[in-house]
Amino acid sequence: MRTTVKDCKIIELPKISERKGAITPIYGGTHVPFQIKRVFYLYDVPGGEGRGAHAHRALQQFIVSVMGAFDVVMDDGTETKRVRLDRAYYGLLIPNMIWAHEENFSSGGICLVLASMPYDECEYIRDYGTFLKEKRST
């Protein structure tokens, strides 16, 4: 299946609010359409810097702004899409073979990433030209 930026979707997560605060649980296979195999987060991103700028051959990601805000820019080789994440109860699903990067981090912004596979450097496409070649061959 050839993925496009139209397959990148915002998913609303459960938000349980109480007087003492809120909690948002996330279950793989329930709130995100894959089993979660890896979790990591980005933080202390200096002003003007970005993260990402790569694609994954098979891995899917679900990205949440757990604090602050940032933009996610997605590219399928034909079309681009920009999404601002700024609520801890919304996440962005990014399927495989989408070139993506995060930018415009607010001060104190934290980006939580849930991944469908453990880390494997062979899974990454870090050169945009290579991404376009592989995308055209799918």
# chains A, B, ... in the order shown; residues from 1 in each chain; ligands from 1
call {"tool": "select_by_dssp", "arguments": {"residues": "range 19-118 of chain A", "states": "strand (DSSP E or B)", "output": "ChimeraX atom specification"}}
result
/A:21-23,28,32,38-42,51-56,61-67,70-75,80-85,90-94,99-103,110-115
call {"tool": "residues_around", "arguments": {"residues": "Asp71 in chain A", "least_positions_apart": "3", "cutoff": "9 Å", "atoms": "only C-alpha atoms", "output": "list in words"}}
result
Arg82, Val83, Arg84, Leu85, Asp86, His101, Glu102, Glu103, Asn104 and Phe105 of chain A
call {"tool": "write_last_selection", "arguments": {"atoms": "C-alpha atoms", "output": "compact mmCIF listing (two decimals), in the first residue's frame"}}
result
# COMPACT_ATOMS: atom_id res chain seq x y z
CA ARG A 82 1.85 20.49 8.53
CA VAL A 83 0.20 19.80 11.88
CA ARG A 84 0.63 21.75 15.13
CA LEU A 85 0.58 19.50 18.19
CA ASP A 86 -0.18 21.38 21.40
CA HIS A 101 10.35 16.25 10.83
CA GLU A 102 9.45 18.26 13.91
CA GLU A 103 10.14 21.98 14.21
CA ASN A 104 9.06 25.20 15.95
CA PHE A 105 9.31 23.73 19.44
call {"tool": "residues_around", "arguments": {"residues": "Ala22 in chain A", "least_positions_apart": "6", "cutoff": "10 Å", "atoms": "only C-alpha atoms", "output": "list in words"}}
result
Lys15, Ile16, Ala88 and Tyr89 of chain A
call {"tool": "write_last_selection", "arguments": {"atoms": "N, CA and C atoms", "output": "short mmCIF file (atom, residue, chain, number, x, y, z; two decimals), in the first residue's frame"}}
result
data_model
loop_
_atom_site.label_atom_id
_atom_site.label_comp_id
_atom_site.auth_asym_id
_atom_site.auth_seq_id
_atom_site.Cartn_x
_atom_site.Cartn_y
_atom_site.Cartn_z
N LYS A 15 -9.20 11.48 27.85
CA LYS A 15 -8.75 12.48 28.82
C LYS A 15 -9.63 12.33 30.05
N ILE A 16 -9.01 11.93 31.14
CA ILE A 16 -9.73 11.75 32.39
C ILE A 16 -9.33 12.91 33.29
N ALA A 88 -1.97 17.41 25.09
CA ALA A 88 -1.49 16.09 25.50
C ALA A 88 -2.51 14.98 25.22
N TYR A 89 -3.72 15.33 24.82
CA TYR A 89 -4.74 14.31 24.56
C TYR A 89 -5.06 14.17 23.06
#
call {"tool": "closest_residue", "arguments": {"among": "A:Pro33, A:Gly28, A:Gly108, A:Gly52", "to": "Val66 in chain A", "atoms": "only C-alpha atoms"}}
result
A:Gly108
call {"tool": "atom_distance", "arguments": {"atom1": "CA of Gly48 in chain A", "atom2": "CA of Thr3 in chain A"}}
result
29.3 Å
call {"tool": "closest_residue", "arguments": {"among": "A:Ala53, A:Val45, A:Ala58, A:Val64", "to": "Thr24 in chain A", "atoms": "only C-alpha atoms"}}
result
A:Val64
call {"tool": "atom_distance", "arguments": {"atom1": "CA of Gly68 in chain A", "atom2": "CA of Tyr43 in chain A"}}
result
10.2 Å
call {"tool": "closest_residue", "arguments": {"among": "A:Asp75, A:Arg38, A:Thr130, A:Tyr90", "to": "Pro25 in chain A", "atoms": "only C-alpha atoms"}}
result
A:Tyr90
call {"tool": "residues_around", "arguments": {"residues": "range 115-125 of chain A", "least_positions_apart": "4", "cutoff": "12 Å", "atoms": "only C-alpha atoms", "output": "PyMOL selection string"}}
result
chain A and resi 28-29+32-41+52-64+92-100+129-135
call {"tool": "select_by_dssp", "arguments": {"residues": "chain A", "states": "helix (DSSP H, G or I)", "output": "list in words"}}
result
Val5, Lys6, Asp7, Glu121, Cys122, Glu123, Tyr128, Gly129, Thr130, Phe131, Leu132, Lys133, Glu134, Lys135, Arg136 and Ser137 of chain A
call {"tool": "write_last_selection", "arguments": {"atoms": "N, CA and C atoms", "output": "PDB file, in the first residue's frame"}}
result
ATOM      1  N   VAL A   5       0.222  11.574   2.744  1.00  0.00           N
ATOM      2  CA  VAL A   5       0.012  12.428   3.917  1.00  0.00           C
ATOM      3  C   VAL A   5      -1.446  12.384   4.383  1.00  0.00           C
ATOM      4  N   LYS A   6      -2.345  11.953   3.511  1.00  0.00           N
ATOM      5  CA  LYS A   6      -3.750  11.813   3.924  1.00  0.00           C
ATOM      6  C   LYS A   6      -3.924  10.684   4.936  1.00  0.00           C
ATOM      7  N   ASP A   7      -2.961   9.758   4.981  1.00  0.00           N
ATOM      8  CA  ASP A   7      -2.999   8.668   5.960  1.00  0.00           C
ATOM      9  C   ASP A   7      -2.474   9.105   7.328  1.00  0.00           C
ATOM     10  N   GLU A 121      18.524   0.708  12.772  1.00  0.00           N
ATOM     11  CA  GLU A 121      19.043   1.732  11.868  1.00  0.00           C
ATOM     12  C   GLU A 121      18.701   1.427  10.413  1.00  0.00           C
ATOM     13  N   CYS A 122      18.600   0.150  10.038  1.00  0.00           N
ATOM     14  CA  CYS A 122      18.257  -0.220   8.657  1.00  0.00           C
ATOM     15  C   CYS A 122      16.840   0.218   8.280  1.00  0.00           C
ATOM     16  N   GLU A 123      16.012   0.484   9.276  1.00  0.00           N
ATOM     17  CA  GLU A 123      14.637   0.926   9.065  1.00  0.00           C
ATOM     18  C   GLU A 123      14.554   2.388   8.611  1.00  0.00           C
ATOM     19  N   TYR A 128      16.795  12.269   1.531  1.00  0.00           N
ATOM     20  CA  TYR A 128      15.511  12.527   0.872  1.00  0.00           C
ATOM     21  C   TYR A 128      15.475  11.944  -0.546  1.00  0.00           C
ATOM     22  N   GLY A 129      16.578  12.005  -1.277  1.00  0.00           N
ATOM     23  CA  GLY A 129      16.627  11.432  -2.623  1.00  0.00           C
ATOM     24  C   GLY A 129      16.386   9.929  -2.608  1.00  0.00           C
ATOM     25  N   THR A 130      16.981   9.248  -1.644  1.00  0.00           N
ATOM     26  CA  THR A 130      16.759   7.808  -1.485  1.00  0.00           C
ATOM     27  C   THR A 130      15.298   7.536  -1.145  1.00  0.00           C
ATOM     28  N   PHE A 131      14.732   8.357  -0.279  1.00  0.00           N
ATOM     29  CA  PHE A 131      13.306   8.232   0.071  1.00  0.00           C
ATOM     30  C   PHE A 131      12.444   8.306  -1.195  1.00  0.00           C
ATOM     31  N   LEU A 132      12.692   9.311  -2.030  1.00  0.00           N
ATOM     32  CA  LEU A 132      11.883   9.468  -3.253  1.00  0.00           C
ATOM     33  C   LEU A 132      12.021   8.254  -4.167  1.00  0.00           C
ATOM     34  N   LYS A 133      13.229   7.723  -4.308  1.00  0.00           N
ATOM     35  CA  LYS A 133      13.440   6.537  -5.151  1.00  0.00           C
ATOM     36  C   LYS A 133      12.676   5.337  -4.604  1.00  0.00           C
ATOM     37  N   GLU A 134      12.780   5.124  -3.290  1.00  0.00           N
ATOM     38  CA  GLU A 134      12.079   3.987  -2.685  1.00  0.00           C
ATOM     39  C   GLU A 134      10.572   4.185  -2.728  1.00  0.00           C
ATOM     40  N   LYS A 135      10.130   5.401  -2.563  1.00  0.00           N
ATOM     41  CA  LYS A 135       8.699   5.695  -2.589  1.00  0.00           C
ATOM     42  C   LYS A 135       8.121   5.385  -3.970  1.00  0.00           C
ATOM     43  N   ARG A 136       8.847   5.755  -5.001  1.00  0.00           N
ATOM     44  CA  ARG A 136       8.368   5.515  -6.372  1.00  0.00           C
ATOM     45  C   ARG A 136       8.336   4.038  -6.719  1.00  0.00           C
ATOM     46  N   SER A 137       9.166   3.237  -6.033  1.00  0.00           N
ATOM     47  CA  SER A 137       9.219   1.811  -6.355  1.00  0.00           C
ATOM     48  C   SER A 137       8.182   0.996  -5.588  1.00  0.00           C
TER      49      SER A 137
END
call {"tool": "closest_residue", "arguments": {"among": "A:Leu13, A:Ala69, A:Thr78, A:Val113", "to": "Thr30 in chain A", "atoms": "only C-alpha atoms"}}
result
A:Leu13
call {"tool": "atom_distance", "arguments": {"atom1": "CA of Lys81 in chain A", "atom2": "CA of Ile23 in chain A"}}
result
29.0 Å
call {"tool": "closest_residue", "arguments": {"among": "A:Arg87, A:His31, A:Arg51, A:Arg126", "to": "Ile11 in chain A", "atoms": "only C-alpha atoms"}}
result
A:His31
